[in-house]
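Chemist: So here's work_23.txt (compact mmCIF, C-alpha atoms).
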# COMPACT_ATOMS: atom_id res chain seq x y z
CA MET A 29 2.35 41.95 -37.33
CA PRO A 30 4.82 40.30 -34.89
CA ALA A 31 7.56 42.62 -33.62
CA MET A 32 11.05 42.11 -35.04
CA VAL A 33 12.68 43.99 -32.15
CA GLU A 34 11.30 44.16 -28.61
CA LEU A 35 12.65 46.11 -25.64
CA LEU A 36 11.12 45.02 -22.35
CA GLY A 37 12.08 47.27 -19.42
CA VAL A 38 15.58 47.83 -20.80
CA GLY A 39 18.16 49.76 -18.81
CA ALA A 40 21.84 50.62 -19.19
CA HIS A 41 24.02 52.47 -16.67
CA ARG A 42 26.21 55.50 -17.19
CA GLU A 43 29.76 55.42 -15.85
CA ASP A 44 28.76 57.73 -12.99
CA GLY A 45 26.09 55.27 -11.88
CA GLY A 46 23.10 57.02 -13.41
CA TRP A 47 21.02 55.63 -16.26
CA ARG A 48 21.55 56.08 -19.99
CA LEU A 49 18.34 54.08 -20.39
CA HIS A 50 15.90 53.09 -17.69
CA ARG A 51 12.85 50.81 -17.96
CA VAL A 52 12.42 51.41 -21.69
CA CYS A 53 9.69 49.36 -23.37
CA ALA A 54 9.18 49.53 -27.16
CA SER A 55 8.78 47.26 -30.16
CA PHE A 56 9.76 47.71 -33.80
CA GLY A 57 8.37 45.88 -36.82
CA ARG A 58 9.50 44.89 -40.28
CA GLY A 59 9.15 47.44 -43.04
CA GLU A 60 9.30 50.29 -40.52
CA VAL A 61 11.75 53.17 -40.12
CA THR A 62 12.15 54.36 -36.54
CA LEU A 63 14.13 57.48 -35.66
CA VAL A 64 15.60 57.57 -32.15
CA VAL A 65 16.39 61.06 -30.85
CA SER A 66 17.93 62.48 -27.70
CA HIS A 67 19.92 65.53 -26.72
CA LEU A 68 22.53 63.13 -25.32
CA PRO A 69 24.18 60.81 -27.86
CA GLU A 70 24.93 58.34 -25.05
CA GLU A 71 21.18 57.75 -24.66
CA TRP A 72 20.40 56.90 -28.29
CA ASP A 73 23.66 54.94 -28.49
CA ALA A 74 22.59 52.84 -25.51
CA LEU A 75 19.33 51.89 -27.23
CA LEU A 76 21.00 51.07 -30.53
CA ASP A 77 23.86 49.25 -28.79
CA ALA A 78 21.32 47.05 -27.01
CA VAL A 79 19.59 46.21 -30.30
CA ALA A 80 22.90 45.49 -32.04
CA ALA A 81 24.12 43.33 -29.12
CA ARG A 82 27.04 45.64 -28.42
CA ILE A 83 25.86 45.62 -24.82
CA VAL A 84 23.74 43.27 -22.74
CA PRO A 85 21.37 45.54 -20.77
CA GLU A 86 21.75 45.67 -16.99
CA GLU A 87 17.99 45.54 -16.60
CA GLY A 88 15.21 44.12 -18.75
CA ARG A 89 15.60 42.17 -21.96
CA VAL A 90 15.98 42.82 -25.68
CA TRP A 91 14.55 40.31 -28.15
CA ILE A 92 15.45 40.12 -31.85
CA ALA A 93 13.10 37.87 -33.82
CA HIS A 94 12.20 36.10 -30.55
CA VAL A 95 15.87 35.55 -29.69
CA PRO A 96 16.95 37.19 -26.40
CA VAL A 97 20.12 39.31 -26.41
CA SER A 98 22.55 37.66 -24.00
CA ARG A 99 26.22 36.80 -23.86
CA ASP A 100 25.37 33.40 -25.30
CA THR A 101 23.46 34.79 -28.31
CA VAL A 102 25.66 37.75 -29.32
CA ARG A 103 26.99 36.07 -32.48
CA ARG A 104 23.53 34.98 -33.56
CA ILE A 105 22.08 38.46 -33.00
CA ARG A 106 24.87 40.10 -34.96
CA ARG A 107 24.00 37.93 -37.95
CA MET A 108 20.47 39.33 -37.84
CA VAL A 109 21.34 42.96 -37.07
CA ALA A 110 23.67 44.93 -39.36
CA GLU A 111 25.18 48.23 -38.27
CA VAL A 112 25.87 50.69 -41.07
CA ASP A 113 28.00 53.81 -40.82
CA VAL A 114 26.71 56.00 -43.64
CA HIS A 115 29.74 58.27 -43.13
CA ALA A 116 32.33 55.48 -43.46
CA ARG A 117 35.22 55.92 -45.85
CA PRO A 118 35.91 52.86 -48.02
CA VAL A 119 39.31 51.51 -49.06
CA GLU A 120 39.65 54.03 -51.85
CA HIS A 121 42.17 52.30 -54.13
CA ARG A 122 40.01 49.16 -54.26
CA SER A 123 36.89 48.46 -56.31
CA LEU A 124 33.36 48.76 -55.02
CA LEU A 125 32.97 45.00 -55.34
CA TRP A 126 36.15 44.38 -53.30
CA ASN A 127 34.94 46.71 -50.54
CA VAL A 128 31.63 44.87 -50.25
CA LEU A 129 33.24 41.43 -50.35
CA VAL A 130 35.69 42.26 -47.56
CA ALA A 131 33.03 43.99 -45.46
CA GLY A 132 31.03 40.77 -45.53
CA LYS A 133 33.74 39.08 -43.45
CA SER A 134 35.39 39.82 -40.15
CA GLY A 135 38.57 38.94 -38.31
CA HIS A 136 40.55 36.02 -39.71
CA ARG A 137 37.84 35.45 -42.34
CA ALA A 138 38.50 38.92 -43.77
CA LEU A 139 42.24 38.23 -43.90
CA HIS A 140 41.65 34.87 -45.54
CA GLY A 141 39.32 36.58 -48.03
CA LEU A 142 42.18 38.82 -49.14
CA LEU A 143 44.31 35.79 -49.94
CA ARG A 144 41.91 33.89 -52.21
CA LEU A 145 39.51 34.53 -55.02
CA PRO A 146 35.97 34.92 -53.71
CA ARG A 147 33.51 32.18 -54.52
CA LYS A 148 30.94 32.75 -57.25
CA SER A 149 28.13 32.86 -54.68
CA GLU A 150 29.98 35.58 -52.74
CA ARG A 151 30.52 37.68 -55.86
CA MET A 152 26.86 37.32 -56.84
CA ALA A 153 25.71 38.33 -53.34
CA ALA A 154 27.96 41.39 -53.42
CA ARG A 155 26.70 42.41 -56.85
CA ARG A 156 23.09 42.03 -55.73
CA ALA A 157 23.80 44.21 -52.70
CA LEU A 158 25.30 46.91 -54.92
CA GLU A 159 22.26 46.76 -57.20
CA ARG A 160 19.89 47.12 -54.24
CA VAL A 161 21.45 50.48 -53.29
CA GLY A 162 21.73 51.92 -56.81
CA LEU A 163 25.36 51.02 -57.56
CA GLY A 164 24.65 48.21 -60.01
CA GLY A 165 26.99 48.05 -63.00
CA ARG A 166 29.72 49.97 -61.17
CA GLU A 167 31.41 47.02 -59.45
CA VAL A 168 34.86 47.56 -60.99
CA GLU A 169 35.05 51.28 -60.25
CA THR A 170 37.53 52.24 -57.56
CA ALA A 171 36.02 53.82 -54.49
CA SER A 172 38.31 56.88 -54.65
CA GLY A 173 35.91 58.80 -56.88
CA LEU A 174 32.79 58.34 -54.75
CA GLY A 175 30.96 61.33 -53.35
CA ALA A 176 29.29 61.40 -49.94
CA VAL A 177 26.02 59.83 -51.12
CA ASP A 178 27.69 57.01 -53.03
CA ARG A 179 29.93 56.26 -50.05
CA ALA A 180 26.74 55.91 -48.01
CA ARG A 181 25.33 53.60 -50.71
CA LEU A 182 28.48 51.49 -50.56
CA ALA A 183 28.30 51.28 -46.77
CA LEU A 184 24.69 50.11 -47.05
CA ALA A 185 25.62 47.51 -49.66
CA SER A 186 28.34 46.22 -47.33
CA ALA A 187 25.72 45.79 -44.60
CA LEU A 188 23.10 44.22 -46.87
CA VAL A 189 25.46 41.54 -48.18
CA LYS A 190 25.18 39.95 -44.73
CA THR A 191 21.40 39.52 -45.33
CA PRO A 192 20.29 41.17 -42.08
CA GLU A 193 16.76 41.54 -40.81
CA VAL A 194 17.48 44.75 -38.91
CA LEU A 195 19.56 47.77 -39.99
CA VAL A 196 21.00 50.20 -37.43
CA ALA A 197 22.26 53.57 -38.72
CA ARG A 198 23.63 56.27 -36.42
CA GLU A 199 23.62 60.05 -36.76
CA ILE A 200 22.09 60.16 -40.19
CA ASP A 201 21.66 63.94 -39.96
CA ARG A 202 25.41 64.58 -39.59
CA GLY A 203 27.79 65.48 -42.41
CA PHE A 204 25.38 65.71 -45.36
CA ASP A 205 23.99 68.79 -47.04
CA GLY A 206 20.23 69.06 -47.62
CA ALA A 207 20.05 67.26 -50.98
CA ASP A 208 22.48 64.50 -49.98
CA LEU A 209 20.68 63.93 -46.69
CA ALA A 210 17.35 63.64 -48.50
CA THR A 211 18.84 61.01 -50.85
CA VAL A 212 20.31 58.92 -48.02
CA ARG A 213 17.09 59.08 -46.03
CA ALA A 214 15.05 58.10 -49.10
CA LEU A 215 17.32 55.10 -49.68
CA LEU A 216 16.98 53.88 -46.09
CA ARG A 217 13.22 54.34 -46.24
CA SER A 218 13.00 52.47 -49.55
CA LEU A 219 15.06 49.54 -48.21
CA ALA A 220 12.85 49.28 -45.13
CA HIS A 221 9.59 49.32 -47.03
CA ARG A 222 10.65 47.32 -50.10
CA GLU A 223 12.67 44.63 -48.35
CA ARG A 224 10.71 44.46 -45.08
CA LEU A 225 13.69 45.42 -42.95
CA ALA A 226 13.38 46.99 -39.53
CA VAL A 227 15.47 50.19 -39.74
CA LEU A 228 16.49 52.04 -36.58
CA ALA A 229 18.33 55.32 -37.06
CA SER A 230 19.47 58.04 -34.67
CA ALA A 231 19.61 61.81 -34.92
CA ALA A 232 20.03 64.81 -32.65
CA THR A 233 16.72 66.45 -33.51
CA PRO A 234 13.16 65.25 -34.17
CA ALA A 235 13.11 67.40 -37.32
CA ALA A 236 15.10 64.64 -39.04
CA ALA A 237 12.00 62.42 -38.89
CA SER A 238 10.00 64.57 -41.31
CA GLY A 239 9.35 62.68 -44.53
CA PHE A 240 11.62 59.87 -43.36
CA ALA A 241 10.56 57.98 -40.24
CA ASP A 242 7.38 56.01 -39.72
CA ARG A 243 7.89 56.31 -35.97
CA LEU A 244 9.72 58.63 -33.63
CA VAL A 245 11.20 57.53 -30.31
CA ALA A 246 12.46 60.25 -27.98
CA ILE A 247 14.66 59.56 -24.96
CA ALA A 248 14.99 62.19 -22.22
CA ASP A 249 16.86 61.68 -18.95
CA GLY A 250 17.19 57.99 -19.82
CA LEU A 251 13.43 57.49 -20.02
CA LEU A 252 11.18 56.83 -22.98
CA ALA A 253 9.54 60.24 -23.33
CA PHE A 254 7.71 59.70 -26.64
CA ASP A 255 6.94 56.79 -28.96
CA GLY A 256 4.58 57.47 -31.84
CA LEU A 257 4.01 59.16 -35.18
CA PRO A 258 6.42 62.02 -35.91
CA THR A 259 3.45 64.26 -36.72
CA ASP A 260 2.15 63.80 -33.16
CA PHE A 261 5.37 64.80 -31.46
CA SER A 262 4.94 68.59 -31.43
CA GLY A 263 1.70 68.32 -29.51
CA GLN A 264 3.23 66.35 -26.65
CA ARG A 265 4.51 67.79 -23.39
CA VAL A 266 7.93 66.26 -24.08
CA ALA A 267 8.40 68.45 -27.16
CA TRP A 268 9.64 71.40 -25.11
CA ARG A 269 12.76 69.42 -24.17
CA PHE A 270 13.74 69.31 -27.82
CA GLY A 271 12.92 72.94 -28.61
CA THR A 272 9.97 72.09 -30.85
CA ALA A 273 7.09 73.17 -28.62
Transcribe the structure of this file into structure tokens.

Modeler:
Amino acid sequence: MPAMVELLGVGAHREDGGWRLHRVCASFGRGEVTLVVSHLPEEWDALLDAVAARIVPEEGRVWIAHVPVSRDTVRRIRRMVAEVDVHARPVEHRSLLWNVLVAGKSGHRALHGLLRLPRKSERMAARRALERVGLGGREVETASGLGAVDRARLALASALVKTPEVLVAREIDRGFDGADLATVRALLRSLAHRERLAVLASAATPAAASGFADRLVAIADGLLAFDGLPTDFSGQRVAWRFGTA
């Protein structure tokens, strides 16, 4: 299966001149959940920032669906890659549908969207996105009554309405209790497998991969220290850096 995301010798500097990433090579396919872990958030952020075209790497190249990430392609890449903050707070006095409709726009388009009735196609796309995350039939509810899991569902719907091919979710192991975390992870996994999305998520510990990720990528000292099945991680020499050996 052709890779949806390819990192070819990717590097990104730290402010002190060292490397957050250095010579990282990896590829990620459709229908696959990859968990990126590191003891240093700046390292996993650098990898996800490169995929989401927040940065253009100082070395190497990132390709999204055979399109290289560069200053000239940033807008195109951002249409293919959606970032989702599963901890985001919605506009609570507005409906779920309103939140998704506004999230599907940016800048002056978002402001213009507040001043006119959305088109039928936009409303239908927003409703489909809500259905895909388990919020179907609740479009007119205000967001003020949502719990942590349903806020995560709404954030995912707001990302999906843009019809991305890649989803990037950061720090999925933060801020949820055990049951809520399991639900959010199951939803991300279901979206990846059912809709053939490439999902890249980050966490502070490899333990978050259990029952969730198809692949585990570990970054240590800016280098790719492990890339493989989560079940293989504990047997690798790199595991001691993460306290799992």

Chemist: Identify which of the residues A:Leu68, A:Ala154, A:Ala214, A:Val79 lies closest to Val130 of chain A, counting only C-alpha atoms when measuring atom-to-atom distances.

Modeler: A:Ala154

Chemist: Just checking: using all atoms listed in the file, which residue out of A:Met108, A:Ala220, A:Val33, A:Leu182 ends up closest to His94 of chain A?

Modeler: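 Answer, going by the shortest atom-to-atom distance: A:Val33.
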
Chemist: Any idea what the distance is between atom CA of Trp126 of chain A and atom CA of Val194 of chain A?

Modeler: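 These atoms are spaced 23.6 Å apart.
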
Chemist: Atom CA of Ser230 of chain A to atom CA of Ala131 of chain A: how many Å, to one decimal?

Modeler: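 If I compute the distance from atom CA of Ser230 of chain A to atom CA of Ala131 of chain A, I get 22.3 Å.
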
Chemist: Any idea what the distance is between atom CA of Ala185 of chain A and atom CA of Arg58 of chain A?

Modeler: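 Answer for the atom CA of Ala185 of chain A to atom CA of Arg58 of chain A separation: 18.8 Å.
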
Chemist: Smallest atom-to-atom distance to Asp242 of chain A: which of A:Gly173, A:Gly39, A:Gly59, A:Pro96, using only C-alpha atoms?

Modeler: A:Gly59

Chemist: I'd like the neighbourhood of Leu228 of chain A as number ranges by chain, where a residue qualifies if any of its atoms comes within 10 Å (using all atoms listed in the file), though same-chain residues fewer than 4 positions away should be ignored.

Modeler: A: 33, 56, 60-64, 75-76, 79, 111, 194-198, 216, 220, 241, 243-245

Chemist: Env of Ala246 of chain A: 9 Å cut, atoms = all atoms listed in the file, seq-sep filter 5 positions within chain, self excluded. Answer as an mmCIF file with C-alpha atoms, keeping the file's coordinate frame.

Modeler:
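part01.cif, freshly written:
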data_model
loop_
_atom_site.group_PDB
_atom_site.id
_atom_site.type_symbol
_atom_site.label_atom_id
_atom_site.label_comp_id
_atom_site.auth_asym_id
_atom_site.auth_seq_id
_atom_site.Cartn_x
_atom_site.Cartn_y
_atom_site.Cartn_z
ATOM 1 C CA LEU A 63 14.130 57.480 -35.660
ATOM 2 C CA VAL A 64 15.600 57.570 -32.150
ATOM 3 C CA VAL A 65 16.390 61.060 -30.850
ATOM 4 C CA SER A 66 17.930 62.480 -27.700
ATOM 5 C CA TRP A 72 20.400 56.900 -28.290
ATOM 6 C CA PRO A 234 13.160 65.250 -34.170
ATOM 7 C CA LEU A 251 13.430 57.490 -20.020
ATOM 8 C CA LEU A 252 11.180 56.830 -22.980
ATOM 9 C CA ALA A 253 9.540 60.240 -23.330
ATOM 10 C CA PHE A 254 7.710 59.700 -26.640
ATOM 11 C CA ASP A 255 6.940 56.790 -28.960
ATOM 12 C CA VAL A 266 7.930 66.260 -24.080
#

Chemist: Taking a cut-off of 9 Å and counting all atoms listed in the file, can you build a table that, for each residue of segment 218-244 of chain A near segment 202-213 of chain A, reports the nearest atom pair and how far apart they are in Å (one decimal), sorted by chain then residue number, as a tab-separated table?

Modeler:
residue	atom	partner	partner_atom	distance
A:Ser218	CA	A:Arg213	CA	8.5
A:Ala231	CA	A:Arg202	CA	7.9
A:Ala232	CA	A:Arg202	CA	8.8
A:Gly239	CA	A:Arg213	CA	8.7
A:Phe240	CA	A:Arg213	CA	6.1
A:Ala241	CA	A:Arg213	CA	8.8

Chemist: Would you list the residues near (28.2, 58.5, -54.1), meaning any protein, DNA or RNA residue with an atom at most 12 Å from that point in file coordinates, counting only C-alpha atoms, as a ChimeraX atom specification?

Modeler: /A:114-118,124,158,161-163,166,169-184,204,208-209,211-212

Chemist: Kindly indicate which residue among A:Val119, A:Ala74, A:Ile83, A:Val90 lies nearest to Ala54 of chain A, using only C-alpha atoms for the distances.

Modeler: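 The closest residue to Ala54 of chain A is A:Val90.
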
Chemist: What lies within 9 Å of Ile105 of chain A using only C-alpha atoms, ignoring chain neighbours under 6 positions off, as a VMD selection string?

Modeler: chain A and resid 79 to 81 92 95 to 97

Chemist: Selected residues, C-alpha atoms, written as a compact mmCIF listing (two decimals), keeping the file's coordinate frame, please.

Modeler:
# COMPACT_ATOMS: atom_id res chain seq x y z
CA VAL A 79 19.59 46.21 -30.30
CA ALA A 80 22.90 45.49 -32.04
CA ALA A 81 24.12 43.33 -29.12
CA ILE A 92 15.45 40.12 -31.85
CA VAL A 95 15.87 35.55 -29.69
CA PRO A 96 16.95 37.19 -26.40
CA VAL A 97 20.12 39.31 -26.41

Chemist: Calculated over only C-alpha atoms, which of the candidates A:Glu150, A:Glu199, A:Glu167, A:Glu159 has the smallest distance to Asp73 of chain A?

Modeler: A:Glu199

Chemist: For each of A:Trp47, A:Ala157, A:Ser149, A:Gly250, take the minimum atom-to-atom distance to Glu223 of chain A, counting only C-alpha atoms, then give the residue where this is smallest.

Modeler: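 Ranking A:Trp47, A:Ala157, A:Ser149, A:Gly250 by distance to Glu223 of chain A, first place goes to A:Ala157.
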